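Listing of work31.csv, CSV, C-alpha atoms and all ligand atoms
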```csv
chain,number,residue,atom,x,y,z
A,1,MET,CA,114.9,194.0,93.6
A,2,ARG,CA,115.8,194.5,97.2
A,3,ARG,CA,116.6,190.9,97.5
A,4,PHE,CA,119.1,191.1,94.7
A,5,VAL,CA,120.8,194.2,96.2
A,6,LEU,CA,121.2,192.5,99.5
A,7,TRP,CA,122.5,189.4,97.9
A,8,ALA,CA,125.0,191.4,95.9
A,9,LEU,CA,126.1,193.4,98.9
A,10,ALA,CA,126.6,190.1,100.8
A,11,LEU,CA,128.6,188.7,98.0
A,12,GLY,CA,130.7,191.9,97.9
A,13,LEU,CA,131.2,191.4,101.6
A,14,LEU,CA,132.4,187.9,101.2
A,15,ALA,CA,134.7,188.9,98.4
A,16,GLY,CA,136.1,191.6,100.6
A,17,LEU,CA,136.6,189.0,103.4
A,18,ALA,CA,138.3,186.7,101.1
A,19,ALA,CA,140.6,189.5,99.9
A,20,CYS,CA,141.6,190.2,103.5
A,21,GLY,CA,143.8,187.2,103.5
A,22,GLY,CA,144.4,184.4,106.0
A,23,LYS,CA,144.1,186.3,109.3
A,24,GLY,CA,140.3,186.9,109.4
A,25,THR,CA,137.7,184.4,110.2
A,26,ALA,CA,136.7,182.4,107.1
A,27,PRO,CA,133.2,183.1,105.9
A,28,THR,CA,130.8,180.5,107.2
A,29,ALA,CA,129.0,178.1,104.9
A,30,ALA,CA,125.6,179.8,105.6
A,31,PRO,CA,124.0,181.2,102.5
A,32,ALA,CA,125.0,184.8,102.0
A,33,GLU,CA,121.5,186.3,102.1
A,34,GLN,CA,120.7,184.5,105.4
A,35,SER,CA,123.9,185.7,107.1
A,36,MET,CA,123.1,189.3,106.0
A,37,GLU,CA,119.7,189.1,107.6
A,38,THR,CA,120.9,187.5,110.9
A,39,GLN,CA,124.0,189.6,111.4
A,40,ALA,CA,123.7,192.9,113.2
A,41,PRO,CA,125.3,195.6,111.0
A,42,GLU,CA,127.9,196.6,113.6
A,43,GLN,CA,129.3,193.1,113.5
A,44,ALA,CA,130.2,193.3,109.8
A,45,PRO,CA,133.8,194.4,109.2
A,46,ALA,CA,132.8,197.4,107.1
A,47,GLN,CA,136.3,198.2,106.1
A,48,ALA,CA,136.6,194.9,104.2
A,49,ALA,CA,133.5,195.2,102.1
A,50,VAL,CA,133.7,196.3,98.5
A,51,GLU,CA,130.6,198.1,97.2
A,52,PRO,CA,129.8,197.7,93.6
A,53,ALA,CA,130.5,200.7,91.4
A,54,LYS,CA,127.3,202.7,90.8
A,55,GLU,CA,128.2,203.2,87.1
A,56,ILE,CA,130.3,201.0,84.8
A,57,VAL,CA,131.4,201.1,81.2
A,58,PHE,CA,130.8,198.1,79.0
A,59,PHE,CA,133.3,198.1,76.1
A,60,ASN,CA,131.5,196.1,73.4
A,61,TRP,CA,131.2,195.5,69.7
A,62,SER,CA,128.6,197.8,68.1
A,63,GLU,CA,124.9,196.7,68.1
A,64,TYR,CA,125.7,193.6,70.0
A,65,ILE,CA,123.3,193.9,73.0
A,66,ASP,CA,119.7,194.9,73.5
A,67,PRO,CA,119.9,198.2,75.3
A,68,GLU,CA,116.9,197.3,77.4
A,69,VAL,CA,119.2,194.9,79.3
A,70,TYR,CA,120.9,198.0,80.8
A,71,ASP,CA,117.6,199.3,82.1
A,72,LEU,CA,116.6,195.9,83.6
A,73,PHE,CA,120.0,195.6,85.2
A,74,GLU,CA,119.8,199.1,86.6
A,75,GLN,CA,116.3,198.5,88.0
A,76,GLU,CA,117.5,195.4,89.6
A,77,THR,CA,120.8,196.6,91.1
A,78,GLY,CA,120.9,200.4,90.8
A,79,ILE,CA,124.0,200.1,88.7
A,80,LYS,CA,124.1,202.2,85.5
A,81,VAL,CA,125.8,200.7,82.4
A,82,ILE,CA,127.4,203.0,79.8
A,83,GLU,CA,128.3,201.4,76.5
A,84,ASP,CA,131.4,202.2,74.5
A,85,ASN,CA,132.3,200.4,71.2
A,86,PHE,CA,135.3,199.0,69.5
A,87,SER,CA,135.5,197.6,66.0
A,88,SER,CA,138.2,194.9,66.2
A,89,ASN,CA,140.0,192.8,68.7
A,90,GLU,CA,143.2,194.6,67.8
A,91,GLU,CA,141.7,197.9,68.6
A,92,LEU,CA,140.6,196.6,72.0
A,93,LEU,CA,144.0,195.1,72.7
A,94,ALA,CA,145.7,198.4,71.8
A,95,LYS,CA,143.5,200.3,74.2
A,96,LEU,CA,144.2,198.0,77.1
A,97,LYS,CA,148.0,197.9,76.3
A,98,GLY,CA,147.9,201.7,76.2
A,99,GLY,CA,146.8,201.7,79.8
A,100,VAL,CA,143.2,202.8,79.4
A,101,THR,CA,141.1,202.6,82.6
A,102,GLY,CA,137.4,202.9,83.3
A,103,TYR,CA,136.2,199.7,81.5
A,104,ALA,CA,134.5,197.1,83.7
A,105,VAL,CA,133.6,194.5,81.1
A,106,ILE,CA,135.1,193.9,77.7
A,107,VAL,CA,134.2,191.4,74.9
A,108,PRO,CA,137.3,189.9,73.2
A,109,SER,CA,137.0,187.0,70.8
A,110,ASP,CA,138.5,183.6,71.5
A,111,TYR,CA,142.1,184.0,70.2
A,112,MET,CA,142.3,187.5,71.7
A,113,VAL,CA,141.4,186.1,75.2
A,114,ASN,CA,144.4,183.9,74.9
A,115,ILE,CA,146.6,186.9,74.0
A,116,MET,CA,145.2,189.0,76.8
A,117,ILE,CA,145.7,186.3,79.4
A,118,GLN,CA,149.4,186.0,78.3
A,119,GLU,CA,149.8,189.8,78.4
A,120,GLY,CA,148.4,189.9,82.0
A,121,LEU,CA,145.5,192.1,80.9
A,122,LEU,CA,142.6,190.2,82.4
A,123,ALA,CA,141.5,189.8,86.0
A,124,GLU,CA,140.5,186.4,87.3
A,125,LEU,CA,136.8,186.2,87.8
A,126,ASN,CA,135.4,185.6,91.2
A,127,HIS,CA,132.9,182.8,90.5
A,128,ASP,CA,131.2,183.3,93.8
A,129,ASN,CA,129.8,186.5,92.2
A,130,ILE,CA,128.6,184.7,89.1
A,131,PRO,CA,126.4,181.8,90.3
A,132,ASN,CA,124.6,181.8,86.9
A,133,LEU,CA,127.7,180.3,85.4
A,134,LYS,CA,125.9,177.1,85.9
A,135,ASN,CA,123.6,178.0,83.0
A,136,LEU,CA,126.4,177.8,80.5
A,137,ALA,CA,126.2,174.8,78.2
A,138,GLU,CA,128.8,172.2,79.1
A,139,GLU,CA,130.8,172.7,75.9
A,140,TRP,CA,131.4,176.4,76.8
A,141,ARG,CA,132.7,175.6,80.4
A,142,ASN,CA,136.1,174.4,79.2
A,143,VAL,CA,137.0,176.3,76.1
A,144,PRO,CA,140.7,175.8,75.2
A,145,PHE,CA,141.6,179.5,75.4
A,146,ASP,CA,140.3,179.7,79.0
A,147,PRO,CA,139.6,176.3,80.7
A,148,GLY,CA,137.1,176.5,83.5
A,149,ASN,CA,136.1,180.1,82.6
A,150,LYS,CA,138.8,181.4,84.9
A,151,TYR,CA,139.0,184.8,83.1
A,152,CYS,CA,136.0,185.0,80.9
A,153,VAL,CA,132.4,183.9,80.2
A,154,PRO,CA,131.4,183.1,76.6
A,155,TYR,CA,128.9,185.8,75.5
A,156,GLN,CA,127.7,184.9,71.9
A,157,TRP,CA,129.1,182.9,69.0
A,158,GLY,CA,128.7,183.2,65.3
A,159,THR,CA,130.4,182.9,61.9
A,160,THR,CA,132.1,185.1,59.3
A,161,GLY,CA,131.0,184.9,55.7
A,162,ILE,CA,129.3,186.9,53.0
A,163,GLY,CA,126.0,188.8,53.1
A,164,TYR,CA,124.3,189.9,49.9
A,165,LEU,CA,121.1,191.2,48.4
A,166,SER,CA,119.3,188.1,47.2
A,167,ASP,CA,116.9,190.0,44.9
A,168,GLN,CA,119.8,191.5,43.0
A,169,ILE,CA,122.5,188.9,42.8
A,170,ASP,CA,122.8,185.1,43.0
A,171,GLU,CA,124.1,183.5,46.1
A,172,PRO,CA,127.9,183.8,46.0
A,173,GLN,CA,129.5,180.3,45.9
A,174,SER,CA,133.1,181.4,46.4
A,175,TRP,CA,135.2,184.1,48.0
A,176,ALA,CA,136.1,184.8,44.3
A,177,VAL,CA,133.3,187.3,44.3
A,178,LEU,CA,135.7,189.5,46.4
A,179,PHE,CA,139.1,188.2,45.4
A,180,ASP,CA,138.6,188.0,41.6
A,181,PRO,CA,137.1,191.5,41.1
A,182,ASN,CA,135.2,191.8,37.8
A,183,PRO,CA,134.2,195.3,36.6
A,184,ASP,CA,131.1,193.7,34.9
A,185,ALA,CA,129.8,192.2,38.2
A,186,PRO,CA,126.9,194.2,39.6
A,187,TRP,CA,128.6,194.3,43.0
A,188,TYR,CA,131.8,195.7,41.6
A,189,GLY,CA,132.5,198.9,43.7
A,190,ARG,CA,129.4,198.0,45.8
A,191,ALA,CA,131.0,195.6,48.3
A,192,THR,CA,132.8,195.9,51.6
A,193,MET,CA,135.3,193.8,53.6
A,194,LEU,CA,135.7,193.9,57.4
A,195,ASP,CA,138.1,196.5,58.6
A,196,ASP,CA,139.9,193.7,60.6
A,197,ALA,CA,143.3,192.3,59.9
A,198,ARG,CA,142.8,188.8,61.1
A,199,GLU,CA,139.3,188.4,59.6
A,200,SER,CA,140.3,189.8,56.2
A,201,PHE,CA,143.5,187.8,56.1
A,202,ALA,CA,141.5,184.7,57.1
A,203,ALA,CA,139.1,185.2,54.1
A,204,ALA,CA,142.1,185.6,51.7
A,205,LEU,CA,144.0,182.6,53.2
A,206,ILE,CA,141.0,180.4,53.1
A,207,TYR,CA,140.4,181.3,49.5
A,208,LEU,CA,144.0,180.5,48.7
A,209,GLY,CA,143.6,177.1,50.4
A,210,TYR,CA,146.0,178.0,53.3
A,211,ASP,CA,145.5,177.8,57.0
A,212,PRO,CA,143.9,181.1,58.3
A,213,ASN,CA,146.3,180.9,61.2
A,214,THR,CA,149.4,180.5,59.1
A,215,THR,CA,152.7,182.1,60.2
A,216,ASP,CA,154.3,181.4,56.8
A,217,GLU,CA,155.5,184.8,55.5
A,218,ALA,CA,155.3,183.8,51.8
A,219,GLN,CA,151.7,182.7,52.2
A,220,LEU,CA,150.9,185.9,54.1
A,221,GLN,CA,152.4,188.0,51.4
A,222,GLU,CA,150.4,186.2,48.8
A,223,ALA,CA,147.3,186.9,50.9
A,224,ARG,CA,148.3,190.6,51.1
A,225,ASP,CA,148.6,190.8,47.3
A,226,LEU,CA,145.2,189.2,46.9
A,227,LEU,CA,143.6,191.6,49.4
A,228,ILE,CA,145.2,194.5,47.5
A,229,LYS,CA,143.8,193.1,44.2
A,230,ALA,CA,140.4,192.9,45.8
A,231,LYS,CA,140.4,196.6,46.7
A,232,ALA,CA,139.5,197.5,43.1
A,233,GLY,CA,136.0,196.0,43.6
A,234,LEU,CA,135.4,197.4,47.1
A,235,SER,CA,133.7,200.6,48.2
A,236,GLY,CA,135.6,200.3,51.5
A,237,TYR,CA,136.5,198.4,54.7
A,238,ASP,CA,133.8,198.6,57.4
A,239,SER,CA,133.0,196.6,60.5
A,240,ASP,CA,130.2,198.6,62.0
A,241,THR,CA,127.7,199.8,59.3
A,242,TYR,CA,128.2,197.3,56.4
A,243,GLU,CA,124.9,195.6,57.0
A,244,ASP,CA,123.1,199.0,56.9
A,245,LEU,CA,124.8,199.7,53.5
A,246,LEU,CA,123.2,196.5,52.2
A,247,ALA,CA,119.8,197.2,53.7
A,248,SER,CA,119.8,200.6,52.0
A,249,GLY,CA,120.7,199.1,48.7
A,250,GLU,CA,123.9,201.1,48.5
A,251,ASN,CA,126.0,197.9,48.5
A,252,LEU,CA,125.2,194.5,47.2
A,253,LEU,CA,127.8,192.4,49.0
A,254,ALA,CA,129.6,192.4,52.3
A,255,HIS,CA,132.1,190.3,54.2
A,256,GLY,CA,130.8,190.2,57.7
A,257,TRP,CA,129.3,188.5,60.8
A,258,SER,CA,126.3,186.3,60.5
A,259,GLY,CA,124.0,187.9,63.1
A,260,ASP,CA,124.5,191.4,61.8
A,261,PHE,CA,123.0,190.4,58.4
A,262,LEU,CA,120.1,188.7,60.1
A,263,VAL,CA,119.3,191.8,62.2
A,264,ALA,CA,119.5,193.9,59.0
A,265,GLN,CA,116.8,191.6,57.4
A,266,GLU,CA,114.4,193.6,59.6
A,267,ASP,CA,115.1,196.6,57.3
A,268,ASN,CA,115.5,194.7,54.1
A,269,GLU,CA,114.1,191.2,53.8
A,270,ASN,CA,116.3,190.4,50.7
A,271,ILE,CA,119.5,190.3,52.8
A,272,ALA,CA,120.9,186.8,52.8
A,273,TYR,CA,124.0,185.2,54.2
A,274,THR,CA,126.2,182.4,53.1
A,275,ILE,CA,129.5,180.7,53.9
A,276,PRO,CA,131.4,180.3,50.6
A,277,GLN,CA,132.4,176.8,49.5
A,278,GLU,CA,136.1,177.3,50.6
A,279,GLY,CA,134.9,177.8,54.2
A,280,GLY,CA,134.9,180.7,56.7
A,281,VAL,CA,135.5,181.7,60.3
A,282,ILE,CA,133.7,180.6,63.5
A,283,TRP,CA,134.2,182.6,66.7
A,284,VAL,CA,133.0,183.1,70.2
A,285,ASP,CA,133.1,186.4,72.0
A,286,ASN,CA,133.6,186.6,75.7
A,287,LEU,CA,132.8,188.8,78.7
A,288,CYS,CA,135.9,189.5,80.6
A,289,ILE,CA,137.1,192.0,83.2
A,290,PRO,CA,140.3,194.0,82.5
A,291,MET,CA,143.0,194.0,85.1
A,292,SER,CA,142.7,197.8,85.2
A,293,ALA,CA,139.2,197.6,86.7
A,294,SER,CA,138.9,198.9,90.3
A,295,PRO,CA,137.6,196.4,92.9
A,296,GLU,CA,134.3,198.3,92.8
A,297,GLU,CA,134.1,198.1,89.0
A,298,LYS,CA,135.1,194.4,89.0
A,299,LEU,CA,132.3,193.5,91.4
A,300,ALA,CA,129.8,195.5,89.5
A,301,GLY,CA,131.2,193.9,86.3
A,302,GLU,CA,130.8,190.4,87.7
A,303,MET,CA,127.2,191.3,88.7
A,304,PHE,CA,126.6,192.4,85.2
A,305,ILE,CA,128.1,189.2,83.7
A,306,ASN,CA,125.9,187.2,86.1
A,307,PHE,CA,122.8,189.1,85.0
A,308,ILE,CA,123.6,188.4,81.3
A,309,LEU,CA,123.8,184.7,82.2
A,310,ARG,CA,120.3,184.8,83.5
A,311,PRO,CA,118.2,182.6,81.1
A,312,ASP,CA,115.7,185.3,80.2
A,313,ILE,CA,118.4,187.9,79.6
A,314,GLY,CA,120.5,185.5,77.5
A,315,ALA,CA,117.5,184.7,75.4
A,316,LYS,CA,116.7,188.4,75.0
A,317,ILE,CA,120.2,189.1,73.8
A,318,SER,CA,120.1,186.4,71.2
A,319,GLU,CA,116.7,187.5,70.0
A,320,TYR,CA,118.1,191.0,69.6
A,321,ASN,CA,121.4,190.3,67.9
A,322,TYR,CA,120.7,186.9,66.2
A,323,TYR,CA,123.8,185.2,67.5
A,324,ALA,CA,123.8,181.8,69.1
A,325,SER,CA,123.9,181.7,72.9
A,326,PRO,CA,126.3,179.6,74.8
A,327,ASN,CA,123.8,179.6,77.6
A,328,ALA,CA,121.9,176.3,77.7
A,329,GLU,CA,119.1,177.6,79.8
A,330,ALA,CA,118.6,180.7,77.6
A,331,GLU,CA,118.5,178.4,74.5
A,332,LYS,CA,115.5,176.6,76.1
A,333,LEU,CA,113.6,179.9,75.9
A,334,LEU,CA,114.4,180.7,72.3
A,335,PRO,CA,111.8,179.9,69.6
A,336,GLU,CA,112.1,176.8,67.4
A,337,ASP,CA,112.7,178.8,64.2
A,338,PHE,CA,115.7,180.5,65.8
A,339,LEU,CA,117.2,177.2,66.9
A,340,ASN,CA,116.6,175.7,63.5
A,341,ASP,CA,118.0,178.7,61.5
A,342,PRO,CA,121.1,177.4,59.6
A,343,THR,CA,122.5,180.9,59.5
A,344,VAL,CA,122.7,180.9,63.3
A,345,TYR,CA,123.5,177.3,63.8
A,346,PRO,CA,125.5,176.1,60.7
A,347,PRO,CA,124.7,172.5,59.7
A,348,GLN,CA,127.5,169.9,60.2
A,349,GLU,CA,128.8,170.0,56.6
A,350,VAL,CA,129.3,173.8,56.9
A,351,ARG,CA,130.6,173.6,60.4
A,352,ALA,CA,133.4,171.3,59.1
A,353,LYS,CA,134.6,174.1,56.9
A,354,LEU,CA,134.8,176.7,59.6
A,355,HIS,CA,138.0,177.7,61.4
A,356,PHE,CA,138.6,179.3,64.7
A,357,LEU,CA,141.3,182.0,64.6
A,358,LYS,CA,144.2,181.3,67.0
A,359,PRO,CA,146.9,183.4,68.4
A,360,VAL,CA,149.8,183.5,65.9
A,361,GLY,CA,152.5,184.6,68.4
A,362,GLU,CA,155.2,186.7,66.9
A,363,ALA,CA,153.5,186.6,63.4
A,364,GLU,CA,150.9,188.9,64.9
A,365,ALA,CA,153.1,191.9,64.1
A,366,LEU,CA,153.6,190.6,60.6
A,367,TYR,CA,149.8,190.4,60.0
A,368,GLN,CA,149.5,193.9,61.2
A,369,ARG,CA,152.3,195.2,59.0
A,370,LEU,CA,150.9,193.5,55.9
A,371,TRP,CA,147.4,194.7,56.8
A,372,ASP,CA,148.8,198.3,57.0
A,373,GLU,CA,150.2,197.7,53.5
A,374,VAL,CA,146.8,196.6,52.2
A,375,LYS,CA,145.1,199.6,53.7
A,376,ALA,CA,147.8,202.0,52.3
A,377,ALA,CA,147.7,200.5,48.8
A,378,PRO,CA,145.9,202.5,46.1
B,401,LIG,C1,128.3,192.6,66.3
B,401,LIG,C2,129.7,192.1,66.0
B,401,LIG,C3,129.9,190.7,66.2
B,401,LIG,C4,131.2,190.5,66.8
B,401,LIG,N1,127.9,193.7,65.6
B,401,LIG,C5,132.2,189.7,66.0
B,401,LIG,N2,133.1,189.1,66.8
```
So, in terms of structure tokens, how does the structure I just supplied come out?
Ligand code: N2P
Amino acid sequence: MRRFVLWALALGLLAGLAACGGKGTAPTAAPAEQSMETQAPEQAPAQAAVEPAKEIVFFNWSEYIDPEVYDLFEQETGIKVIEDNFSSNEELLAKLKGGVTGYAVIVPSDYMVNIMIQEGLLAELNHDNIPNLKNLAEEWRNVPFDPGNKYCVPYQWGTTGIGYLSDQIDEPQSWAVLFDPNPDAPWYGRATMLDDARESFAAALIYLGYDPNTTDEAQLQEARDLLIKAKAGLSGYDSDTYEDLLASGENLLAHGWSGDFLVAQEDNENIAYTIPQEGGVIWVDNLCIPMSASPEEKLAGEMFINFILRPDIGAKISEYNYYASPNAEAEKLLPEDFLNDPTVYPPQEVRAKLHFLKPVGEAEALYQRLWDEVKAAP
């Protein structure tokens, strides 16, 4: 534990030195820990050092991390992590654009990383503070929305489809179970859709055979009408407790995220998950630091990201939330049945029908307006 604290302090010192600009002496190539041990304290330019914040707030999706990770991180570094939750990328974006402060690490999905970079909302990561980046699988080192992990580190990835109670209804084959509401179907009035504009529009657009990233207004209006039609068969929109409503038997069907259903199997073994024949969404969520973080929060945030990238911690997180890890070294620690679970790792023929959401530029406002119309409709 002491070793890590020293190492972290040394990294903070180097970061501080680097931030000083060109005038100071460049840090030597000697390993940070060694230089800490051999330097007399009075020789260190104390004014340049950034100390990690003692407490940080992690703004995350709900039930997405094993809370034990916080205890382990605190034991190791002395830094306390407080969790706060958001329910959609748009909610997260609105908070940041509204000038919120106090968040050290946030977890936007792929397309939202793109938008946040363009809006200047993300701080560049100091890779010197994140040596465990080397554990990321090669395919996650150069994602198109953030080449070279300049701003973010992939956290977990998964899919969006339909969860259902397999002891009460047959496996849904099509999104029609939601978009062609039938009062005689057992799940009529006992189904939810995600309270998420892009996700719910994606489901409707995919069902209609359109691109889930379309910017065509006529197609989007058609999708809006379909979403309004579907409301007759829904008990509501929900992104945080839909899996619990299945586990309790209150609902029979839910549009939602793969791992959430798998976790809920612990409460009800009849919960199953499927990607309808028309296809679904694939996404990767990312650990990023908002521009509004203080230097102290940023350093502590980078230490936290580095901790999550530890193989044992990455494996622990996947074992808790049942999402796939982008961490190659963590995957090596995961059991065979996890790695072979087609719900976690969709087979090639399913993968071919999955779409990443992409930024839609100016049409973003159109999506939001049409979603507001869906929500307001009777
Ligand atoms: C976890 C939510 C998964 C995040 N409850 C979907 N991007």
List every residue of chain A that has an atom at most 10 Å from any atom of ligand LIG 401 (chain B), and for each one report the closest atom pair and its distance in Å to one decimal, counting all atoms listed in the file, with rows sorted by chain and then by increasing residue number, as a tab-separated table.
```
residue	atom	partner	partner_atom	distance
A:Asn60	CA	B:LIG401	C1	8.5
A:Trp61	CA	B:LIG401	C2	5.2
A:Ser62	CA	B:LIG401	N1	4.9
A:Glu63	CA	B:LIG401	N1	4.9
A:Tyr64	CA	B:LIG401	C1	4.6
A:Ile65	CA	B:LIG401	C1	8.5
A:Asn85	CA	B:LIG401	N1	9.8
A:Phe86	CA	B:LIG401	C2	9.6
A:Ser87	CA	B:LIG401	C2	8.0
A:Ser88	CA	B:LIG401	N2	7.7
A:Asn89	CA	B:LIG401	N2	8.1
A:Val107	CA	B:LIG401	N2	8.5
A:Pro108	CA	B:LIG401	N2	7.7
A:Ser109	CA	B:LIG401	N2	6.0
A:Asp110	CA	B:LIG401	N2	9.0
A:Gln156	CA	B:LIG401	C4	8.3
A:Trp157	CA	B:LIG401	N2	7.7
A:Gly158	CA	B:LIG401	C5	7.4
A:Thr159	CA	B:LIG401	C5	8.1
A:Thr160	CA	B:LIG401	C5	8.1
A:Glu199	CA	B:LIG401	N2	9.5
A:Ser239	CA	B:LIG401	N1	7.8
A:Asp240	CA	B:LIG401	N1	6.5
A:Thr241	CA	B:LIG401	N1	8.8
A:Tyr242	CA	B:LIG401	N1	9.9
A:Glu243	CA	B:LIG401	N1	9.3
A:Gly256	CA	B:LIG401	C5	8.4
A:Trp257	CA	B:LIG401	C3	5.9
A:Ser258	CA	B:LIG401	C3	8.1
A:Gly259	CA	B:LIG401	C1	7.1
A:Asp260	CA	B:LIG401	N1	5.6
A:Phe261	CA	B:LIG401	N1	9.3
A:Val263	CA	B:LIG401	N1	9.4
A:Ile282	CA	B:LIG401	N2	9.1
A:Trp283	CA	B:LIG401	N2	6.6
A:Val284	CA	B:LIG401	N2	6.9
A:Asp285	CA	B:LIG401	N2	5.9
A:Asn286	CA	B:LIG401	N2	9.3
A:Asn321	CA	B:LIG401	C1	7.4
A:Tyr322	CA	B:LIG401	C1	9.5
A:Tyr323	CA	B:LIG401	C3	8.3
```
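Note that CA of Gly314 in chain A and CA of Asp146 in chain A are 20.7 Å apart.
Between CA of Tyr237 in chain A and CA of Ser318 in chain A lies a distance of 26.2 Å.
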- Message: To one decimal place in Å, what is the distance between CA of Asp238 in chain A and CA of Asp195 in chain A?
- Response: 4.9 Å
- All residues 12 Å or closer to Ala203 in chain A, only C-alpha atoms, same chain fewer than 5 positions away omitted, as a ChimeraX atom specification: /A:159-162,174-179,193-194,196-198,208-213,220,223-224,226-227,230,255-256,275-282,354-355,357
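In terms of minimum interatomic distance to Ala123 in chain A, A:Val105 ranks closest within A:Leu72, A:Val374, A:Val105, A:Leu246, counting only C-alpha atoms.
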